[in-house]
Each structure stands twice: as C-alpha cells, then as structure tokens.
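Here the structure comes first, spelled out in structure tokens, and everything after it is commentary.
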Amino acid sequence: MEGQAMTAGCQVETLPKMQKSATPAESQVPVAPSMFRLLGLALASAALLWLCFFPANWGWLAWVALVPLLALVKSAAAPRRVYLAAWLGGMAFFWASLQWLRVADYRMYFTWAALATYCSVYFPVAIYLMRRLDQRTHLPLVLTVPIVWTALEYVRAHLMEGFAWYFLGHTQHAFLPIIQIADLGGAYVVTVLVAAVNAMALTLLCTRSGFRSLFALPAASAPARWKSMILQTGIVLLLLGVTLCYGWWRVGQNDFEAGPRLALLQGSLDQRIRNDTYSQVEAIKLVQKHFLKLADEAAFQRPNLIVWPETSFVYPWSEVPPDLSAADIPDQWSGANEERAQQAEYLALRWRTNVLLGVNADELRPDGQERRYNSAVLVRKDGQIGERYDKIHCIPFGEYVPFRDSLPWMKKLAPYDFDYSVTPGVELKRFPLGAFHFGVLICYEDTDADLARQYVRPTADKPAVDFLVNISNDGWFDGTSEHEEHLAICRFRAVECRRAVARAVNMGISAVIDGNGKVTDLPGSSWEKSKKVEAVLTASVPIDHRISLYARWGDWVPAICWLSLALGLVFGRLRPAPSK
C-alpha cells in the first residue's frame, strides 16, 4: 500500500511536467480546419482581388490580396477541401469581375458563365502546384508563388484563343514607376513582383502563432530557419527597390518628339441598336450619320489622320482581284472595285486628309471563295486606297461561332441571327503617314502582348512602327467597368513596346497613351467622364524612340517560370511524399 501510494505520488508529481512539455500553444490549433474557414480564406482573396480592378480600382490591395488564398498552401485540411475552396474563390472573383459580359446581349449570359467558370479553374490548379512544390521541394513560397501564378497567367493568355485580362500585374497600371519593368519582361514581370510580395507577407505572418491559430495553420507552417527568411525578405525588398529606381528613371525620360496630329472619333452608340431599337436599315443610317458628323467636326481641326472606331464605317467595302476576268465575277460583285474607289475619292474630297476606316471588308478570292474581314483601311488624302489590315485575333461569339458546323445549337448563343463570321487575317501591316509608320490593333488585340510587340521589330522589308493605333467598338458594354479595364490593359502595351498608343473607341474610352504608359489625353476630365460621350479627341502622338527588351525577347519571363515549374515537379518526385 505504501509502495502504491508512493508510485501514485510520483505520477502526480511528474504529470504537470509532462503536460508542460507536451502541450505547446500550437498543439491547440485544429489539425483539420473546417470547410467554412477554408472557404472564408478563398472568398477573402476573391473580394480583395475584385477591389483591385475596376470599378473600385484599388490596385494597392494587390500586394496582400493573395495572402488569404495562399494560406491554403500550408493548410493541413484534406486536399479535396482545399481545392474546392480555392475553386469557389475563383468562381466568386471571375463571376463578379466578368459580369459586364452579360450586358452585351441576353445570350451572352452563357459566355459570361462559361468564361468565368473556366477562368476560376486556375485558382485550384495554382494551389495544387504550389502545395506540391512546397511539400516535395525545399523551394520557399517567395519563389514558388510567382513561378506558378505567372506560368498559369501565360496559359490563360494563350489557351483557346486566350483571355489576357485580370492579370495580377494589371492591378498596378496606375503606378507608373512599378509598371516600367514591363519593357523588360511584359506585364508578367509585374505579376512576378506582386506575387513575390504576397508570398513574403504570408511567410512573415506565419511566424506569428496568433495568425496560425486564426487561419488554422499547423505549427509546421512556421518558417524553420530565420536566416533564410531574412534573406528572402531582403531579396524581395531589394527587387522592389530596384524596380522603383528603374521606374523613376524611365518615367523621367519623357521628352518625346511630337508626332503626327490625330483626330480620334469616339461615338456613343449602343451596339444593340442593330438588334433591338431599329431595323437593320435604320440602324445603318443612324451609324452613318453619327460618325460622318464626327468626321466633319474632326476635319475642321486639320489633323494628319482621322481615325474611325472598329466597324464604324458601315458603307459596303468590297474588293475583287484586279486580274480576275469579268466572266468569273459574280453579278453581286460586279463594279465592287469601282464603287470602292469612288468612296475613297469622295472621302478625300470631303475631309482633305488621311483617314483610317474601321470596316467590314468583303473580299472575293481568285478561287471564287468569299471572305469577310474585320479590317482597318487607310484612305490617303489624294483619294488613293492604301494598306488594309485584317484583324488576326478574332473573338469567339463576337466574331465567329465556334463549332457552328459540328454543333449547330451553338448558333443560338450568338448575338446575331445571321452568319457574321469573319476570317482571321494573316499579316501585320505598317501604315505610312508622312515620315512615320504606325500599326493597328483592332478591338481586344491590344490585350495580346505578343501581337503588339511584333510591330516594333523591324523585318527585312518592313520598318518598326513609330506608334500604335487601337480601334475598337466597346458599345456592347454600355458604360460598364469593361471600358476602364480595357484602357488599363492597353497601358501595358505602350510600356512593353515603348510606343505611344492612340485609341479610337465607340463609347470609350478613347485616349492617347505615351511610351511610359501615361494617359496624356482623354475626351473628358476623367476616365469615368470619358465613357458614353460623343467626342473628337485631337492630339499629337508622342514619338518614343527607346528600345524595348520585351519587344525583342518576348515572353522569356513565363518561359523561365514554366521551366522552373517543370524542374520542380520532376525533381520533387524524387523526394518522398510527406507523411499524413
């Protein structure tokens, strides 16, 4: 009995010591956080990211917007719950951000739903790849997060015609010193920097037990080595400092040569008038009257070039091969070339300057095939017809119905009840204008970085352009945030190519952007007041003669990201999976 009492006493004496050593604060953190908490993390990032873009345009939030989502990388929850939460966060962000698509036409609700759902998949894919690299390699988040996020943005920009909107780097469009590095690696290098700062923020927060407890992160999520974390923080801060110094230096280079004087026509016509309010004939007459009046007003300002928006010149513009025999020309094409020449001569006499028209160009091929293009045509002031550029990057449903032959029901999702399909162009054209040359980007081609940069690379028989012109019809979107977001993305093309961009956009926002990405001219006093206004924006184009590394090297940043990701996944397989 005494022995038993002594034993019991020993147990009582030693029990508090065992509890003290075996129950640190972290052991109280739930090993498997609830789905509600995981979803809260993903939705928090979705909300923060949404605020980074228009209409809120709080781009400064982007430096921490990913932190809640990135906490899922370290979560001890079941993987299926982690990826489900990430996907729902992606759904929340893209469904909210892309809601302007539905405004174009009631049938565009399907496009809105399909595109938003497709884009949302990139969120769980990103978290999966980051978790795999985090568990199977020794790479820190400050490397894996920018590598994965940038690599997937590149895929989204190119897969299935591509959708290069809502990049993480685009949030910084208003911070000119930050985005100057885009002339080195495109908008992707801005994404790399912002993603690295987010990753560093999460790493620092994971050192705090209160943060780990709040977000249900295991103790293992805390950085193991302080020296490594300090080094990573120092490198990120150094990169941020170098970026700012480079940016201030570049922004200071603003003594641009005054180029040709352009008159940019901005109509204010809702595209849906062709379907709803007026008959087809009445709508055409209204569009003709609207833009002819604007062009008359522009001519009084004696510009070197009057620029019409995309497809705003609604008169027939047909072309027949000049060497085609009369017997091989169908009746409906007879006299097409003569009519086109008469139109050009009339325009030259009416305005006595060069005119860039946005047209639907019909072409009869030598083999008898008929083609329609979304085109920009230069009519010289002497009445001669100059170069014609046919849009290369066509938009699904907007300019053609995908799988319309194999899946006829897809035609019911189109905004028109007739075949409006256009043929993609195959060649970039350099338009001469006095001593200068310019290239044209039609509609959303100004969101295609690879297409724009080709204009500033001279070829054996074609010079590099001195500036770019973007003609677009944004009248589909009726004053929504699409207008501002479109202009924000276009600013990156100016920096990447170090070429000014002049925009003539129906419903807006028309603008002149210099080679530093600065919006120098608008129709109104602000971006908001430049939408849905009828105006002629006249300005001299600032000519930038600087050289762009990105224009020459292209997408080397996402290429390195993909190479690094591939190597990480391959060598990560050699490391055993973490124990459950």
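Lettering and numbering for the structure tokens are positional, with chains as A, B, ... in the shown order, residues counted from 1 in each chain, and ligands counted from 1 in the shown order.
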Q | Contacts of Val192 (chain A) at 9 Å (only C-alpha atoms; same-chain gap of 2+ positions) as a PyMOL selection string | A | chain A and resi 145-147+149-150+168-169+187-190+194-197+557
**Q.** Test item: residues at most 9 Å from region 39-50 of chain A, only C-alpha atoms, excluding those fewer than 6 positions along its chain, as a PyMOL selection string
**A.** chain A and resi 56-59+61-62+64-72+81-82+84-94+96-97+168+171+215
Q | Residue with smallest distance to Ala502 (chain A) - pool A:Ile543, A:Val281, A:Ala295, A:Leu569, counting only C-alpha atoms | A | A:Ile543
For the alpha helix (DSSP H) assignment from backbone DSSP, which residues of region 274-345 of chain A qualify? Please present them as a PDB file with N, CA, C and O atoms, in the first residue's frame.
ATOM      1  N   GLN A 280     -32.528  46.915 -89.374  1.00  0.00           N
ATOM      2  CA  GLN A 280     -31.146  46.886 -89.852  1.00  0.00           C
ATOM      3  C   GLN A 280     -30.847  48.109 -90.716  1.00  0.00           C
ATOM      4  O   GLN A 280     -29.802  48.745 -90.561  1.00  0.00           O
ATOM      5  N   VAL A 281     -31.759  48.480 -91.589  1.00  0.00           N
ATOM      6  CA  VAL A 281     -31.545  49.632 -92.478  1.00  0.00           C
ATOM      7  C   VAL A 281     -31.508  50.926 -91.678  1.00  0.00           C
ATOM      8  O   VAL A 281     -30.644  51.786 -91.885  1.00  0.00           O
ATOM      9  N   GLU A 282     -32.431  51.066 -90.743  1.00  0.00           N
ATOM     10  CA  GLU A 282     -32.463  52.280 -89.924  1.00  0.00           C
ATOM     11  C   GLU A 282     -31.204  52.399 -89.067  1.00  0.00           C
ATOM     12  O   GLU A 282     -30.652  53.499 -88.900  1.00  0.00           O
ATOM     13  N   ALA A 283     -30.734  51.276 -88.532  1.00  0.00           N
ATOM     14  CA  ALA A 283     -29.537  51.297 -87.698  1.00  0.00           C
ATOM     15  C   ALA A 283     -28.317  51.727 -88.515  1.00  0.00           C
ATOM     16  O   ALA A 283     -27.484  52.512 -88.047  1.00  0.00           O
ATOM     17  N   ILE A 284     -28.195  51.218 -89.728  1.00  0.00           N
ATOM     18  CA  ILE A 284     -27.070  51.589 -90.592  1.00  0.00           C
ATOM     19  C   ILE A 284     -27.079  53.084 -90.878  1.00  0.00           C
ATOM     20  O   ILE A 284     -26.047  53.758 -90.815  1.00  0.00           O
ATOM     21  N   LYS A 285     -28.256  53.629 -91.167  1.00  0.00           N
ATOM     22  CA  LYS A 285     -28.350  55.059 -91.441  1.00  0.00           C
ATOM     23  C   LYS A 285     -27.975  55.884 -90.216  1.00  0.00           C
ATOM     24  O   LYS A 285     -27.305  56.914 -90.333  1.00  0.00           O
ATOM     25  N   LEU A 286     -28.378  55.428 -89.048  1.00  0.00           N
ATOM     26  CA  LEU A 286     -28.051  56.146 -87.826  1.00  0.00           C
ATOM     27  C   LEU A 286     -26.544  56.146 -87.576  1.00  0.00           C
ATOM     28  O   LEU A 286     -25.950  57.174 -87.220  1.00  0.00           O
ATOM     29  N   VAL A 287     -25.898  54.989 -87.761  1.00  0.00           N
ATOM     30  CA  VAL A 287     -24.456  54.897 -87.569  1.00  0.00           C
ATOM     31  C   VAL A 287     -23.728  55.781 -88.584  1.00  0.00           C
ATOM     32  O   VAL A 287     -22.772  56.496 -88.234  1.00  0.00           O
ATOM     33  N   GLN A 288     -24.180  55.762 -89.836  1.00  0.00           N
ATOM     34  CA  GLN A 288     -23.564  56.598 -90.871  1.00  0.00           C
ATOM     35  C   GLN A 288     -23.620  58.074 -90.476  1.00  0.00           C
ATOM     36  O   GLN A 288     -22.608  58.786 -90.505  1.00  0.00           O
ATOM     37  N   LYS A 289     -24.794  58.532 -90.110  1.00  0.00           N
ATOM     38  CA  LYS A 289     -24.977  59.937 -89.765  1.00  0.00           C
ATOM     39  C   LYS A 289     -24.135  60.315 -88.552  1.00  0.00           C
ATOM     40  O   LYS A 289     -23.523  61.396 -88.509  1.00  0.00           O
ATOM     41  N   HIS A 290     -24.093  59.435 -87.569  1.00  0.00           N
ATOM     42  CA  HIS A 290     -23.382  59.695 -86.321  1.00  0.00           C
ATOM     43  C   HIS A 290     -21.896  59.938 -86.575  1.00  0.00           C
ATOM     44  O   HIS A 290     -21.326  60.943 -86.109  1.00  0.00           O
ATOM     45  N   PHE A 291     -21.260  59.040 -87.322  1.00  0.00           N
ATOM     46  CA  PHE A 291     -19.810  59.138 -87.494  1.00  0.00           C
ATOM     47  C   PHE A 291     -19.408  60.111 -88.603  1.00  0.00           C
ATOM     48  O   PHE A 291     -18.308  60.686 -88.539  1.00  0.00           O
ATOM     49  N   LEU A 292     -20.254  60.304 -89.585  1.00  0.00           N
ATOM     50  CA  LEU A 292     -19.951  61.327 -90.591  1.00  0.00           C
ATOM     51  C   LEU A 292     -19.923  62.712 -89.938  1.00  0.00           C
ATOM     52  O   LEU A 292     -19.077  63.559 -90.267  1.00  0.00           O
ATOM     53  N   LYS A 293     -20.838  62.943 -89.026  1.00  0.00           N
ATOM     54  CA  LYS A 293     -20.860  64.233 -88.323  1.00  0.00           C
ATOM     55  C   LYS A 293     -19.582  64.421 -87.504  1.00  0.00           C
ATOM     56  O   LYS A 293     -18.986  65.504 -87.494  1.00  0.00           O
ATOM     57  N   LEU A 294     -19.156  63.366 -86.827  1.00  0.00           N
ATOM     58  CA  LEU A 294     -17.926  63.459 -86.044  1.00  0.00           C
ATOM     59  C   LEU A 294     -16.713  63.685 -86.944  1.00  0.00           C
ATOM     60  O   LEU A 294     -15.807  64.465 -86.609  1.00  0.00           O
ATOM     61  N   ALA A 295     -16.686  63.008 -88.077  1.00  0.00           N
ATOM     62  CA  ALA A 295     -15.559  63.185 -89.004  1.00  0.00           C
ATOM     63  C   ALA A 295     -15.538  64.593 -89.587  1.00  0.00           C
ATOM     64  O   ALA A 295     -14.461  65.175 -89.788  1.00  0.00           O
ATOM     65  N   ASP A 296     -16.710  65.165 -89.867  1.00  0.00           N
ATOM     66  CA  ASP A 296     -16.770  66.552 -90.341  1.00  0.00           C
ATOM     67  C   ASP A 296     -16.196  67.495 -89.283  1.00  0.00           C
ATOM     68  O   ASP A 296     -15.445  68.429 -89.598  1.00  0.00           O
ATOM     69  N   GLU A 297     -16.552  67.261 -88.042  1.00  0.00           N
ATOM     70  CA  GLU A 297     -16.026  68.072 -86.949  1.00  0.00           C
ATOM     71  C   GLU A 297     -14.511  67.916 -86.829  1.00  0.00           C
ATOM     72  O   GLU A 297     -13.780  68.895 -86.602  1.00  0.00           O
ATOM     73  N   ALA A 298     -14.029  66.685 -86.994  1.00  0.00           N
ATOM     74  CA  ALA A 298     -12.591  66.431 -86.896  1.00  0.00           C
ATOM     75  C   ALA A 298     -11.822  67.120 -88.008  1.00  0.00           C
ATOM     76  O   ALA A 298     -10.714  67.637 -87.797  1.00  0.00           O
ATOM     77  N   ALA A 299     -12.382  67.163 -89.197  1.00  0.00           N
ATOM     78  CA  ALA A 299     -11.687  67.742 -90.351  1.00  0.00           C
ATOM     79  C   ALA A 299     -11.388  69.220 -90.143  1.00  0.00           C
ATOM     80  O   ALA A 299     -10.373  69.737 -90.644  1.00  0.00           O
ATOM     81  N   ALA A 336     -17.525  46.277-107.860  1.00  0.00           N
ATOM     82  CA  ALA A 336     -17.146  46.482-106.457  1.00  0.00           C
ATOM     83  C   ALA A 336     -15.905  47.361-106.345  1.00  0.00           C
ATOM     84  O   ALA A 336     -15.847  48.277-105.520  1.00  0.00           O
ATOM     85  N   ASN A 337     -14.895  47.103-107.197  1.00  0.00           N
ATOM     86  CA  ASN A 337     -13.662  47.893-107.104  1.00  0.00           C
ATOM     87  C   ASN A 337     -13.903  49.354-107.471  1.00  0.00           C
ATOM     88  O   ASN A 337     -13.348  50.265-106.849  1.00  0.00           O
ATOM     89  N   GLU A 338     -14.750  49.577-108.477  1.00  0.00           N
ATOM     90  CA  GLU A 338     -15.044  50.949-108.901  1.00  0.00           C
ATOM     91  C   GLU A 338     -15.799  51.695-107.798  1.00  0.00           C
ATOM     92  O   GLU A 338     -15.521  52.868-107.519  1.00  0.00           O
ATOM     93  N   GLU A 339     -16.750  51.015-107.164  1.00  0.00           N
ATOM     94  CA  GLU A 339     -17.504  51.646-106.089  1.00  0.00           C
ATOM     95  C   GLU A 339     -16.597  51.990-104.909  1.00  0.00           C
ATOM     96  O   GLU A 339     -16.716  53.066-104.301  1.00  0.00           O
ATOM     97  N   ARG A 340     -15.668  51.091-104.600  1.00  0.00           N
ATOM     98  CA  ARG A 340     -14.736  51.336-103.504  1.00  0.00           C
ATOM     99  C   ARG A 340     -13.831  52.534-103.820  1.00  0.00           C
ATOM    100  O   ARG A 340     -13.575  53.384-102.947  1.00  0.00           O
ATOM    101  N   ALA A 341     -13.358  52.616-105.049  1.00  0.00           N
ATOM    102  CA  ALA A 341     -12.513  53.741-105.446  1.00  0.00           C
ATOM    103  C   ALA A 341     -13.275  55.065-105.392  1.00  0.00           C
ATOM    104  O   ALA A 341     -12.727  56.096-104.983  1.00  0.00           O
ATOM    105  N   GLN A 342     -14.534  55.037-105.767  1.00  0.00           N
ATOM    106  CA  GLN A 342     -15.353  56.257-105.718  1.00  0.00           C
ATOM    107  C   GLN A 342     -15.563  56.712-104.274  1.00  0.00           C
ATOM    108  O   GLN A 342     -15.525  57.908-103.975  1.00  0.00           O
ATOM    109  N   GLN A 343     -15.772  55.759-103.380  1.00  0.00           N
ATOM    110  CA  GLN A 343     -15.928  56.104-101.968  1.00  0.00           C
ATOM    111  C   GLN A 343     -14.662  56.761-101.427  1.00  0.00           C
ATOM    112  O   GLN A 343     -14.721  57.778-100.721  1.00  0.00           O
ATOM    113  N   ALA A 344     -13.512  56.188-101.759  1.00  0.00           N
ATOM    114  CA  ALA A 344     -12.247  56.742-101.285  1.00  0.00           C
ATOM    115  C   ALA A 344     -12.038  58.158-101.816  1.00  0.00           C
ATOM    116  O   ALA A 344     -11.602  59.053-101.083  1.00  0.00           O
ATOM    117  N   GLU A 345     -12.349  58.358-103.067  1.00  0.00           N
ATOM    118  CA  GLU A 345     -12.196  59.695-103.652  1.00  0.00           C
ATOM    119  C   GLU A 345     -13.134  60.697-102.985  1.00  0.00           C
ATOM    120  O   GLU A 345     -12.751  61.842-102.701  1.00  0.00           O
TER     121      GLU A 345
END
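With distances restricted to only C-alpha atoms, A:Leu101 is the closest residue to Leu115 (chain A) from A:Ile127, A:Val359, A:Leu101, A:Leu549.
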